[in-house]
Every structure is written in C-alpha cells, then in structure tokens.
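To be precise, the following lines are protein-v4.cif, and they hold mmCIF, C-alpha atoms.
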data_input
#
loop_
_atom_site.label_atom_id
_atom_site.label_comp_id
_atom_site.auth_asym_id
_atom_site.auth_seq_id
_atom_site.Cartn_x
_atom_site.Cartn_y
_atom_site.Cartn_z
CA MET J 7 17.83 -7.71 11.08
CA GLN J 8 15.57 -6.54 13.93
CA PHE J 9 14.65 -2.95 14.77
CA THR J 10 11.81 -1.05 16.42
CA TYR J 11 9.86 2.08 15.51
CA ARG J 12 7.91 4.02 18.13
CA PHE J 13 4.64 5.81 17.44
CA PRO J 14 2.27 7.82 19.63
CA SER J 15 0.05 4.71 19.90
CA GLY J 16 2.84 2.23 20.61
CA LYS J 17 5.83 0.48 19.10
CA VAL J 18 6.29 -1.93 16.18
CA THR J 19 9.14 -4.40 15.92
CA TYR J 20 10.43 -5.18 12.43
CA TYR J 21 12.17 -8.38 11.38
CA SER J 22 13.63 -7.69 7.93
CA ASP J 23 15.66 -9.72 5.43
CA GLN J 24 14.14 -12.90 6.86
CA THR J 25 13.99 -16.34 5.22
CA PHE J 26 12.08 -19.52 5.99
CA ASP J 27 15.12 -20.67 7.95
CA ASP J 28 14.43 -17.91 10.50
CA SER J 29 12.02 -18.71 13.31
CA PHE J 30 8.68 -16.96 13.19
CA PRO J 31 8.54 -14.80 16.35
CA ALA J 32 5.02 -15.65 17.55
CA GLY J 33 6.09 -16.39 21.12
CA GLN J 34 5.73 -19.55 23.17
CA GLY J 35 2.41 -20.73 24.56
CA ARG J 36 0.36 -18.26 22.54
CA LYS J 37 -2.52 -19.18 20.26
CA THR J 38 -1.58 -18.00 16.79
CA VAL J 39 -4.02 -17.79 13.86
CA PHE J 40 -2.87 -16.99 10.32
CA LEU J 41 -5.07 -15.22 7.79
CA THR J 42 -4.04 -15.66 4.17
CA ASP J 43 -5.56 -16.11 0.73
CA GLU J 44 -6.09 -19.20 -1.41
CA HIS J 45 -3.19 -18.41 -3.73
CA LEU J 46 -0.58 -17.96 -0.99
CA TYR J 47 -1.87 -20.96 0.92
CA SER J 48 -1.46 -23.21 -2.11
CA LEU J 49 2.12 -21.99 -2.66
CA TYR J 50 3.33 -22.12 0.96
CA ARG J 51 1.11 -24.74 2.56
CA SER J 52 3.99 -26.38 4.46
CA PHE J 53 4.64 -23.07 6.23
CA PHE J 54 1.02 -22.21 6.99
CA ASP J 55 0.07 -25.69 8.20
CA GLN J 56 2.26 -25.17 11.27
CA PHE J 57 -0.50 -22.87 12.55
CA ASN J 58 -4.25 -22.44 12.70
CA VAL J 59 -5.15 -20.95 9.31
CA ILE J 60 -8.07 -18.98 7.91
CA VAL J 61 -8.05 -18.88 4.11
CA VAL J 62 -10.06 -16.35 2.08
CA GLU J 63 -10.49 -15.70 -1.63
CA ALA J 64 -7.54 -13.94 -3.25
CA GLY J 65 -8.00 -10.38 -4.49
CA GLU J 66 -9.85 -7.18 -3.77
CA ARG J 67 -13.17 -9.01 -3.43
CA SER J 68 -12.08 -10.12 0.04
CA LYS J 69 -11.66 -6.54 1.23
CA THR J 70 -15.27 -6.15 2.39
CA LEU J 71 -17.34 -6.13 5.55
CA GLN J 72 -18.71 -9.51 4.52
CA SER J 73 -15.17 -10.91 4.62
CA VAL J 74 -14.64 -9.33 8.04
CA GLU J 75 -17.70 -11.18 9.33
CA THR J 76 -16.49 -14.45 7.75
CA VAL J 77 -13.04 -14.16 9.36
CA ILE J 78 -14.50 -13.27 12.76
CA ASP J 79 -16.84 -16.27 12.57
CA ARG J 80 -13.81 -18.51 11.95
CA LEU J 81 -11.96 -16.92 14.89
CA VAL J 82 -14.90 -17.74 17.14
CA ARG J 83 -14.93 -21.32 15.89
CA LEU J 84 -11.20 -21.55 16.61
CA GLN J 85 -11.90 -20.24 20.14
CA ALA J 86 -9.59 -17.30 19.64
CA ASP J 87 -9.50 -15.13 22.76
CA ARG J 88 -8.11 -11.70 23.60
CA HIS J 89 -4.60 -13.16 23.97
CA THR J 90 -4.61 -14.66 20.46
CA LEU J 91 -2.17 -13.33 17.86
CA LEU J 92 -3.76 -12.81 14.43
CA CYS J 93 -1.15 -12.93 11.65
CA GLY J 94 -2.02 -11.50 8.25
CA ALA J 95 0.17 -13.05 5.56
CA GLY J 96 -0.31 -11.71 2.05
CA GLY J 97 -0.46 -8.59 -0.02
CA GLY J 98 -2.21 -5.35 0.85
CA VAL J 99 -5.70 -6.85 0.86
CA ILE J 100 -4.80 -9.41 3.50
CA THR J 101 -2.74 -7.07 5.68
CA ASP J 102 -5.56 -4.49 5.60
CA LEU J 103 -8.17 -7.14 6.38
CA ALA J 104 -6.14 -8.69 9.21
CA GLY J 105 -5.42 -5.29 10.75
CA PHE J 106 -9.09 -4.32 10.72
CA VAL J 107 -10.32 -7.65 12.08
CA GLY J 108 -7.72 -7.44 14.83
CA ALA J 109 -8.94 -3.96 15.75
CA VAL J 110 -12.58 -4.98 16.16
CA TYR J 111 -12.54 -8.65 17.26
CA MET J 112 -13.26 -8.70 21.00
CA ARG J 113 -12.56 -4.94 20.86
CA GLY J 114 -8.97 -5.56 19.89
CA ILE J 115 -6.42 -8.39 19.73
CA GLN J 116 -2.76 -8.27 18.77
CA VAL J 117 -1.88 -8.47 15.09
CA ALA J 118 1.31 -9.36 13.24
CA LEU J 119 1.75 -8.67 9.53
CA ILE J 120 3.70 -10.79 7.07
CA PRO J 121 3.78 -8.88 3.76
CA THR J 122 4.41 -11.25 0.85
CA SER J 123 4.41 -8.84 -2.13
CA LEU J 124 6.80 -6.01 -2.89
CA LEU J 125 3.93 -3.53 -2.66
CA ALA J 126 2.99 -4.74 0.82
CA MET J 127 6.63 -4.82 1.99
CA VAL J 128 7.36 -1.23 0.96
CA ASP J 129 3.99 0.37 1.67
CA ALA J 130 0.67 -1.41 2.25
CA ALA J 131 1.62 -3.27 5.44
CA LEU J 132 3.39 -0.28 6.99
CA GLY J 133 2.02 2.58 9.04
CA GLY J 134 -0.96 1.10 10.88
CA LYS J 135 -3.72 1.96 8.41
CA ASN J 136 -6.15 -0.85 7.81
CA GLY J 137 -9.70 -1.32 6.61
CA VAL J 138 -12.06 -2.46 3.90
CA ASN J 139 -13.81 -0.96 0.92
CA LEU J 140 -17.43 0.14 0.65
CA GLY J 141 -18.52 -0.62 -2.90
CA LEU J 142 -16.40 1.53 -5.20
CA TYR J 143 -15.01 3.61 -2.34
CA LYS J 144 -11.53 2.53 -1.27
CA ASN J 145 -10.71 2.06 2.42
CA MET J 146 -13.87 3.86 3.52
CA ILE J 147 -14.15 1.76 6.69
CA GLY J 148 -11.09 1.28 8.86
CA THR J 149 -8.83 2.32 11.70
CA VAL J 150 -5.26 3.42 12.38
CA ARG J 151 -3.79 0.79 14.69
CA GLN J 152 -0.23 -0.46 14.74
CA PRO J 153 0.59 -4.19 14.62
CA GLU J 154 2.75 -5.84 17.25
CA PHE J 155 5.40 -6.74 14.69
CA ILE J 156 6.05 -7.03 10.94
CA TRP J 157 7.97 -10.02 9.56
CA ILE J 158 9.49 -9.26 6.16
CA ASN J 159 10.54 -12.54 4.58
CA ASN J 160 12.04 -11.85 1.16
CA SER J 161 11.68 -15.53 0.25
CA PHE J 162 8.01 -14.88 -0.52
CA LEU J 163 9.13 -12.73 -3.46
CA SER J 164 10.38 -15.82 -5.31
CA SER J 165 6.81 -16.58 -6.38
CA LEU J 166 5.90 -12.99 -7.29
CA PRO J 167 4.89 -12.62 -10.98
CA ALA J 168 6.36 -9.81 -13.07
CA ALA J 169 3.11 -7.81 -12.97
CA GLU J 170 3.29 -7.73 -9.18
CA TRP J 171 6.88 -6.51 -9.25
CA SER J 172 5.62 -3.62 -11.38
CA ASN J 173 2.78 -3.08 -8.95
CA GLY J 174 5.20 -2.69 -6.04
CA LEU J 175 7.67 -0.57 -7.98
CA ALA J 176 4.97 2.07 -8.40
CA GLU J 177 5.09 2.70 -4.65
CA VAL J 178 8.91 2.68 -4.64
CA ILE J 179 8.84 5.30 -7.39
CA LYS J 180 6.33 7.31 -5.36
CA TYR J 181 8.85 7.51 -2.48
CA GLY J 182 11.43 8.65 -5.01
CA CYS J 183 9.15 11.45 -6.16
CA ILE J 184 8.21 12.77 -2.72
CA PHE J 185 11.29 12.03 -0.58
CA GLU J 186 14.43 10.51 -2.14
CA PRO J 187 14.91 10.90 -5.91
CA ALA J 188 17.75 8.36 -5.71
CA LEU J 189 15.06 5.68 -5.34
CA LEU J 190 14.04 6.36 -8.93
CA GLU J 191 17.47 5.21 -10.06
CA LEU J 192 17.38 2.15 -7.81
CA ALA J 193 13.96 1.18 -9.14
CA ALA J 194 15.27 1.54 -12.70
CA GLN J 195 18.03 -1.00 -11.93
CA ILE J 196 15.59 -3.85 -11.27
CA ASP J 197 15.43 -6.34 -14.12
CA LEU J 198 11.80 -7.40 -14.35
CA ASN J 199 12.84 -10.59 -16.12
CA ALA J 200 14.99 -11.67 -13.18
CA PRO J 201 14.45 -9.27 -10.24
CA LEU J 202 15.92 -11.59 -7.61
CA ASN J 203 19.25 -11.78 -9.42
CA ASN J 204 20.24 -8.81 -7.26
CA PRO J 205 18.92 -9.58 -3.76
CA GLU J 206 21.07 -6.86 -2.17
CA LEU J 207 19.35 -4.24 -4.33
CA ILE J 208 15.91 -5.58 -3.38
CA SER J 209 16.79 -5.49 0.32
CA GLU J 210 18.15 -1.95 0.05
CA ILE J 211 14.98 -0.72 -1.67
CA ILE J 212 12.69 -2.40 0.87
CA ASN J 213 14.64 -1.16 3.88
CA ARG J 214 14.82 2.40 2.53
CA CYS J 215 11.07 2.49 1.97
CA VAL J 216 10.41 1.02 5.42
CA ARG J 217 12.56 3.73 6.97
CA LEU J 218 10.99 6.57 5.01
CA LYS J 219 7.41 5.59 5.72
CA ASN J 220 7.96 4.90 9.40
CA GLU J 221 9.75 8.19 9.95
CA VAL J 222 6.78 10.01 8.46
CA VAL J 223 4.18 8.02 10.37
CA ALA J 224 6.07 8.44 13.66
CA SER J 225 5.76 12.21 13.26
CA ASP J 226 2.13 12.21 12.05
CA GLU J 227 0.40 8.92 12.82
CA GLN J 228 -3.15 10.24 12.34
CA GLU J 229 -2.43 11.98 9.02
CA THR J 230 -3.07 15.57 10.03
CA GLY J 231 0.00 16.95 8.22
CA LEU J 232 3.12 15.38 6.73
CA ARG J 233 1.66 11.88 6.32
CA LYS J 234 -0.73 13.24 3.70
CA VAL J 235 2.11 13.44 1.16
CA LEU J 236 2.20 9.62 1.08
CA ASN J 237 -1.01 9.91 -0.94
CA PHE J 238 0.89 11.32 -3.93
CA GLY J 239 -0.76 9.91 -7.05
CA HIS J 240 -3.44 8.10 -5.06
CA THR J 241 -6.35 10.55 -5.32
CA VAL J 242 -7.01 9.82 -8.97
CA ALA J 243 -5.57 6.31 -8.63
CA HIS J 244 -8.20 5.08 -6.19
CA ALA J 245 -10.98 6.24 -8.51
CA ILE J 246 -9.63 4.67 -11.69
CA GLU J 247 -8.49 1.54 -9.83
CA ASN J 248 -12.07 0.71 -8.95
CA LYS J 249 -13.84 2.01 -12.03
CA HIS J 250 -11.47 0.19 -14.41
CA SER J 251 -10.38 -2.77 -12.21
CA LEU J 252 -6.73 -1.78 -12.59
CA PRO J 253 -3.97 -3.15 -10.36
CA HIS J 254 -3.11 -0.65 -7.65
CA GLY J 255 0.36 0.10 -9.01
CA SER J 256 -0.93 0.72 -12.52
CA ALA J 257 -3.51 3.15 -11.18
CA VAL J 258 -0.88 4.92 -9.05
CA SER J 259 1.37 5.26 -12.10
CA ILE J 260 -1.34 7.15 -13.97
CA GLY J 261 -2.26 9.09 -10.83
CA MET J 262 1.31 10.28 -10.33
CA LEU J 263 1.52 11.53 -13.91
CA PHE J 264 -1.74 13.41 -13.45
CA ALA J 265 -0.42 14.90 -10.18
CA CYS J 266 2.77 15.98 -12.02
CA ARG J 267 0.61 17.68 -14.64
CA LEU J 268 -1.12 19.66 -11.88
CA SER J 269 2.25 20.33 -10.25
CA GLU J 270 3.62 21.91 -13.42
CA LYS J 271 0.65 24.27 -13.41
CA TYR J 272 0.20 25.05 -9.71
CA THR J 273 3.57 24.53 -7.98
CA GLY J 274 6.08 25.13 -10.77
CA LEU J 275 7.39 21.59 -11.23
CA ASP J 276 9.90 21.39 -14.09
CA LYS J 277 8.40 19.54 -17.05
CA ASP J 278 11.68 17.68 -17.47
CA PHE J 279 10.95 15.76 -14.29
CA SER J 280 7.56 14.62 -15.60
CA GLN J 281 9.32 13.26 -18.67
CA ARG J 282 11.96 11.55 -16.53
CA LEU J 283 9.20 9.98 -14.46
CA ARG J 284 7.49 8.65 -17.57
CA VAL J 285 10.73 6.89 -18.57
CA VAL J 286 11.13 5.29 -15.12
CA LEU J 287 7.49 4.18 -14.97
CA GLU J 288 7.64 2.69 -18.46
CA GLY J 289 10.82 0.84 -17.56
CA ALA J 290 9.04 -0.59 -14.53
CA GLY J 291 6.35 -2.05 -16.77
CA LEU J 292 3.72 0.47 -15.70
CA PRO J 293 1.11 2.21 -17.90
CA LEU J 294 1.46 5.87 -18.78
CA SER J 295 -2.14 6.53 -19.83
CA LEU J 296 -5.67 5.24 -19.71
CA ASN J 297 -8.76 6.18 -21.68
CA PHE J 298 -11.41 7.09 -19.15
CA ASP J 299 -14.51 9.20 -18.82
CA ALA J 300 -13.70 12.27 -16.70
CA ALA J 301 -17.20 12.53 -15.24
CA ASP J 302 -17.18 8.85 -14.31
CA ILE J 303 -13.85 9.13 -12.48
CA PHE J 304 -14.86 12.38 -10.82
CA SER J 305 -18.03 10.77 -9.41
CA VAL J 306 -15.81 8.50 -7.29
CA LEU J 307 -12.98 10.98 -6.67
CA LYS J 308 -15.32 13.54 -5.07
CA MET J 309 -16.04 11.05 -2.26
CA ASP J 310 -12.34 10.64 -1.45
CA LYS J 311 -11.47 10.90 2.25
CA LYS J 312 -9.25 13.93 1.54
CA LYS J 313 -12.27 15.95 0.39
CA SER J 314 -13.46 18.82 2.57
CA GLY J 315 -16.56 20.70 1.43
CA ASP J 316 -16.11 21.82 -2.17
CA SER J 317 -12.36 21.19 -2.32
CA ILE J 318 -9.89 18.36 -1.90
CA ASP J 319 -6.33 18.01 -0.65
CA PHE J 320 -4.08 17.11 -3.59
CA ILE J 321 -0.45 16.13 -3.20
CA LEU J 322 1.77 18.02 -5.64
CA LEU J 323 5.50 18.35 -6.23
CA GLU J 324 7.42 21.60 -6.08
CA GLN J 325 10.51 19.68 -7.15
CA PRO J 326 11.69 16.07 -6.95
CA GLY J 327 11.84 15.07 -3.29
CA ASN J 328 9.68 17.96 -2.13
CA ALA J 329 5.95 17.25 -1.96
CA VAL J 330 3.33 19.69 -0.71
CA VAL J 331 -0.37 19.54 0.09
CA ARG J 332 -2.57 21.90 -1.91
CA ASN J 333 -6.28 22.35 -1.33
CA ILE J 334 -7.83 22.50 -4.80
CA PRO J 335 -11.49 23.25 -5.63
CA LEU J 336 -13.32 20.17 -6.92
CA ASP J 337 -14.47 22.09 -9.98
CA THR J 338 -10.84 22.75 -10.87
CA VAL J 339 -9.97 19.06 -10.50
CA TYR J 340 -12.89 18.13 -12.74
CA ASN J 341 -11.80 20.60 -15.42
CA GLU J 342 -8.23 19.30 -15.23
CA LEU J 343 -9.47 15.74 -15.68
CA ILE J 344 -11.39 16.79 -18.80
CA ALA J 345 -8.33 18.57 -20.18
CA TYR J 346 -6.12 15.57 -19.36
CA VAL J 347 -8.39 13.28 -21.38
CA HIS J 348 -8.77 15.68 -24.31
CA GLU J 349 -5.04 16.35 -24.55
CA GLY J 350 -4.15 12.67 -24.74
CA HIS J 351 -2.91 12.22 -21.16
CA ARG J 352 0.09 14.49 -21.51
#

Please render this file's structure as structure tokens.
Amino acid sequence: MQFTYRFPSGKVTYYSDQTFDDSFPAGQGRKTVFLTDEHLYSLYRSFFDQFNVIVVEAGERSKTLQSVETVIDRLVRLQADRHTLLCGAGGGVITDLAGFVGAVYMRGIQVALIPTSLLAMVDAALGGKNGVNLGLYKNMIGTVRQPEFIWINNSFLSSLPAAEWSNGLAEVIKYGCIFEPALLELAAQIDLNAPLNNPELISEIINRCVRLKNEVVASDEQETGLRKVLNFGHTVAHAIENKHSLPHGSAVSIGMLFACRLSEKYTGLDKDFSQRLRVVLEGAGLPLSLNFDAADIFSVLKMDKKKSGDSIDFILLEQPGNAVVRNIPLDTVYNELIAYVHEGHR
C-alpha cells in the first residue's frame, strides 16, 4: 500500500505492509547508503549487502554526536554527494541518527527511513523529529526534517523479541489514551507469545498509528500546539529511562501512569480509567512501577525541552481520547514525584 502525507515542509511517501518480495524504492541510478546497527546487519545481511552499508553499535550508545561524526566520516569515504540517499534501517536510535546525519551532511541530503521495530513503525520513525542525546538529556540536539519516504516492511518484525513487542505496545497504548481508546482493546488482543499469528491485527494497529501521528504532525509540524500531546507519559519517562537504563516503552508505561495520577488531580480524569490502563499495560508485559529517587529524577526532568522558566508543559487527560497541555510549576511536579514514591506508585 502506498500513500502520501503533506506537511508544511514537504511531503512523505509511505510504503506500508511491505515484504522482502517488494522492491525497495530507492530509484534508478542513485547512490544509496544504508545505515543500520550490528544486530540488524547480522540478521538481514543478504538484504543489506545489496547496498553500501554503514554499521554502528546497536543501542542508545550510538545516539551521540560522536556517532554522527563516525557516520559522516564513512559517508565521505564512500564519496556520498548531495544526491545520495541515506537510508536508516533500524529502531528509533537508527532512524533518529540517520535523520540527523541527513540534515547536516553537506547541509542536507535526502533520507529514507526503514523502521524495523514496532516502536519505530508506530512512532519513532514518524513525524520528522530526529537527533541525538547529550549525556543524560534525551534528544537535546536535533532537527525537524521530513524524510523522502518511509518503507514499512512487516517482515522485520519476525525477529523482534517479546520485550521489543512490549516496548512498541507502550506507544500504541499512548495513542489509545490520547486519541482513540479503541486502540487499547486492539493492543490487548496481541498475544506476546505469538504476536505474528494475527498479521491483519498488526497491520491495522500500525496503519492506525501512522494515520493518527501524521494527521497531528501535518497540522502542527513544529510542535507549537496539538503535537505536544504526543508527549503523553514522556516527560517523566525520558528522565527515568536514562537514570535507570530502562527500555523506552517501560519508561513510558510508568510515565503514563504518573501522568494519569496528575490528571485525576488536575483535570478530573476518572480513576477507573487509570485502573483500566494498568490492566492493559500489565497485559502488554510493561512495568507498572519503579523504585526511584524523586530528587534524582527531577534533576533530569527539569532540563526537559518542554520546560519554560519555573514551569513545564505536562500532557494530561481530561478523559480517554482527550489530552490537554497543562503548564505546571516545577515545584508542584517535584512534590508530586515525592508523593508518588511515598504512596507506592499508586
């Protein structure tokens, strides 16, 4: 299936429900360079060896300025020019890294993204955000720049471990909280022991998430309004993800529950929904709590990009499917973190 979304900065073509039997749409006579990680390269070497390939270490440690320099050095050695297509094939780390390198190499070359994890297919590779971390601070250096196209090949999911299915389901559940509560029920139908036994369900979930995110980004590409709600659960998540080396989805799970706690207090969210969310998250193999030091987490949270002066934009729920942005004093957030820890993460 092929479709196009248009944004203020340009258009992105999507190729969804692809397999390895479908031709990769790089275009004839065009130098193409793939960027991937060691793990993906070892699993799909026969695919990658059709192209020039740059391979980096797998994991968050590759999401740094040092990695950017390493990749650019390899592009120079490969004589990549301004007409070269850089293809980032991997999870969120690789798609972020490829997007950022493409934005700065020779002041900009075209990029294609090939998300290979559920998390990347439903969220990380979509929307044009890219960048790298600065120490403990997530995505502190980056741009908003759309790729030329995104190739979603569900065949990559055949090698996805159960923990990574859970990781991606956290983002699916997020969309259910802020936009379409029906996605919570779809997420609950996935059997983590054999998720690909229902490929139609997987395709429906991916395509729904692609539609939801692109509709939001098309209306607010630079995140001045509606796009902010996509950060539901992520304010606390980014802090605990780095401080405790948690997988992104696990951190988002805890972050969403904390945001629901605030929502009950500040926007009148029904407590029954928080309990329903806990059931869905647990069924998706995601954690519901984490022992952490409030001051330690707050030291990272207060440098979040959504901070402005002595307050921070927090995404809360008024009701399932209706998210709002609330500017909350940092002191209040700190006190809520302390209470959350003392009350046993309820």

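Taken over the whole file, the PyMOL selection byres ((chain J and resi 32-42) around 6) covers exactly Phe30, Pro31, Asp43, Asn58, Val59, Ile60, Val61, Thr90, Leu91, Leu92, Cys93, Gly94, Ala95 and Gly96 of chain J.
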
Can you list what the PyMOL selection byres ((chain J and resi 104-110) around 10) grabs from this structure, as a ChimeraX atom specification?
-> /J:40-42,69,71,73-75,77-78,81,88,90-96,98-103,111-119,131,134-138,147-153

To test your reading of the syntax: which residues would the PyMOL selection byres ((chain J and resi 281) around 12) return for the file shown? Reply as a PDB file with C-alpha atoms, keeping the file's coordinate frame.
ATOM      1  CA  MET J 262       1.310  10.280 -10.330  1.00  0.00           C
ATOM      2  CA  LEU J 263       1.520  11.530 -13.910  1.00  0.00           C
ATOM      3  CA  CYS J 266       2.770  15.980 -12.020  1.00  0.00           C
ATOM      4  CA  ARG J 267       0.610  17.680 -14.640  1.00  0.00           C
ATOM      5  CA  GLU J 270       3.620  21.910 -13.420  1.00  0.00           C
ATOM      6  CA  LEU J 275       7.390  21.590 -11.230  1.00  0.00           C
ATOM      7  CA  ASP J 276       9.900  21.390 -14.090  1.00  0.00           C
ATOM      8  CA  LYS J 277       8.400  19.540 -17.050  1.00  0.00           C
ATOM      9  CA  ASP J 278      11.680  17.680 -17.470  1.00  0.00           C
ATOM     10  CA  PHE J 279      10.950  15.760 -14.290  1.00  0.00           C
ATOM     11  CA  SER J 280       7.560  14.620 -15.600  1.00  0.00           C
ATOM     12  CA  ARG J 282      11.960  11.550 -16.530  1.00  0.00           C
ATOM     13  CA  LEU J 283       9.200   9.980 -14.460  1.00  0.00           C
ATOM     14  CA  ARG J 284       7.490   8.650 -17.570  1.00  0.00           C
ATOM     15  CA  VAL J 285      10.730   6.890 -18.570  1.00  0.00           C
ATOM     16  CA  VAL J 286      11.130   5.290 -15.120  1.00  0.00           C
ATOM     17  CA  LEU J 287       7.490   4.180 -14.970  1.00  0.00           C
ATOM     18  CA  GLU J 288       7.640   2.690 -18.460  1.00  0.00           C
ATOM     19  CA  LEU J 294       1.460   5.870 -18.780  1.00  0.00           C
ATOM     20  CA  ARG J 352       0.090  14.490 -21.510  1.00  0.00           C
TER      21      ARG J 352
END

Excluding same-chain residues fewer than 5 positions from range 252-255 of chain J, what lies within 7 Å of it counting only C-alpha atoms, as an MDAnalysis selection string?
-> chainID J and resid 172:174 176:177 247

Determine, counting all atoms listed in the file, every residue of protein, DNA or RNA that lies within 12 Å of (-17.8, 13.2, -5.3) in the file coordinates, then give the result as number ranges by chain.
-> J: 142-143, 241-242, 245, 301-318, 335-337, 339-340

Give me the residues within 8 Å of Val178 in chain J as a list in words, counting only C-alpha atoms and dropping any in the same chain fewer than 3 places off.
-> Val128, Gly174, Leu175, Tyr181, Gly182, Leu189, Leu190, Ala193, Ile211 and Cys215 of chain J

Would you mind completing range 270-293 of chain J so that it carries N, CA and C atoms, and writing it out as a compact mmCIF listing (two decimals), keeping the file's coordinate frame?
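Output saved as out.txt:
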# COMPACT_ATOMS: atom_id res chain seq x y z
N GLU J 270 3.03 20.98 -12.45
CA GLU J 270 3.62 21.91 -13.42
C GLU J 270 2.83 23.21 -13.45
N LYS J 271 1.53 23.11 -13.28
CA LYS J 271 0.65 24.27 -13.41
C LYS J 271 0.54 25.08 -12.11
N TYR J 272 0.52 24.37 -10.97
CA TYR J 272 0.20 25.05 -9.71
C TYR J 272 1.38 25.21 -8.76
N THR J 273 2.42 24.39 -8.89
CA THR J 273 3.57 24.53 -7.98
C THR J 273 4.90 24.66 -8.71
N GLY J 274 4.87 24.82 -10.02
CA GLY J 274 6.08 25.13 -10.77
C GLY J 274 7.02 23.97 -10.98
N LEU J 275 6.53 22.74 -10.96
CA LEU J 275 7.39 21.59 -11.23
C LEU J 275 7.96 21.67 -12.65
N ASP J 276 9.24 21.40 -12.77
CA ASP J 276 9.90 21.39 -14.09
C ASP J 276 9.34 20.25 -14.93
N LYS J 277 8.96 20.56 -16.16
CA LYS J 277 8.40 19.54 -17.05
C LYS J 277 9.39 18.42 -17.35
N ASP J 278 10.67 18.72 -17.23
CA ASP J 278 11.68 17.68 -17.47
C ASP J 278 11.54 16.52 -16.49
N PHE J 279 11.11 16.85 -15.25
CA PHE J 279 10.95 15.76 -14.29
C PHE J 279 9.78 14.85 -14.68
N SER J 280 8.70 15.44 -15.16
CA SER J 280 7.56 14.62 -15.60
C SER J 280 7.99 13.65 -16.70
N GLN J 281 8.84 14.12 -17.60
CA GLN J 281 9.32 13.26 -18.67
C GLN J 281 10.23 12.17 -18.12
N ARG J 282 11.08 12.54 -17.17
CA ARG J 282 11.96 11.55 -16.53
C ARG J 282 11.12 10.49 -15.82
N LEU J 283 10.07 10.92 -15.16
CA LEU J 283 9.20 9.98 -14.46
C LEU J 283 8.54 9.01 -15.42
N ARG J 284 8.11 9.51 -16.56
CA ARG J 284 7.49 8.65 -17.57
C ARG J 284 8.46 7.53 -17.99
N VAL J 285 9.72 7.88 -18.16
CA VAL J 285 10.73 6.89 -18.57
C VAL J 285 10.89 5.81 -17.49
N VAL J 286 10.95 6.24 -16.22
CA VAL J 286 11.13 5.29 -15.12
C VAL J 286 9.91 4.39 -14.99
N LEU J 287 8.72 4.97 -15.08
CA LEU J 287 7.49 4.18 -14.97
C LEU J 287 7.39 3.16 -16.10
N GLU J 288 7.71 3.60 -17.31
CA GLU J 288 7.64 2.69 -18.46
C GLU J 288 8.64 1.54 -18.29
N GLY J 289 9.82 1.87 -17.80
CA GLY J 289 10.82 0.84 -17.56
C GLY J 289 10.41 -0.16 -16.50
N ALA J 290 9.54 0.28 -15.59
CA ALA J 290 9.04 -0.59 -14.53
C ALA J 290 7.82 -1.39 -14.96
N GLY J 291 7.48 -1.29 -16.25
CA GLY J 291 6.35 -2.05 -16.77
C GLY J 291 5.00 -1.48 -16.40
N LEU J 292 4.95 -0.18 -16.13
CA LEU J 292 3.72 0.47 -15.70
C LEU J 292 3.10 1.31 -16.81
N PRO J 293 1.78 1.44 -16.83
CA PRO J 293 1.11 2.21 -17.90
C PRO J 293 1.31 3.71 -17.70
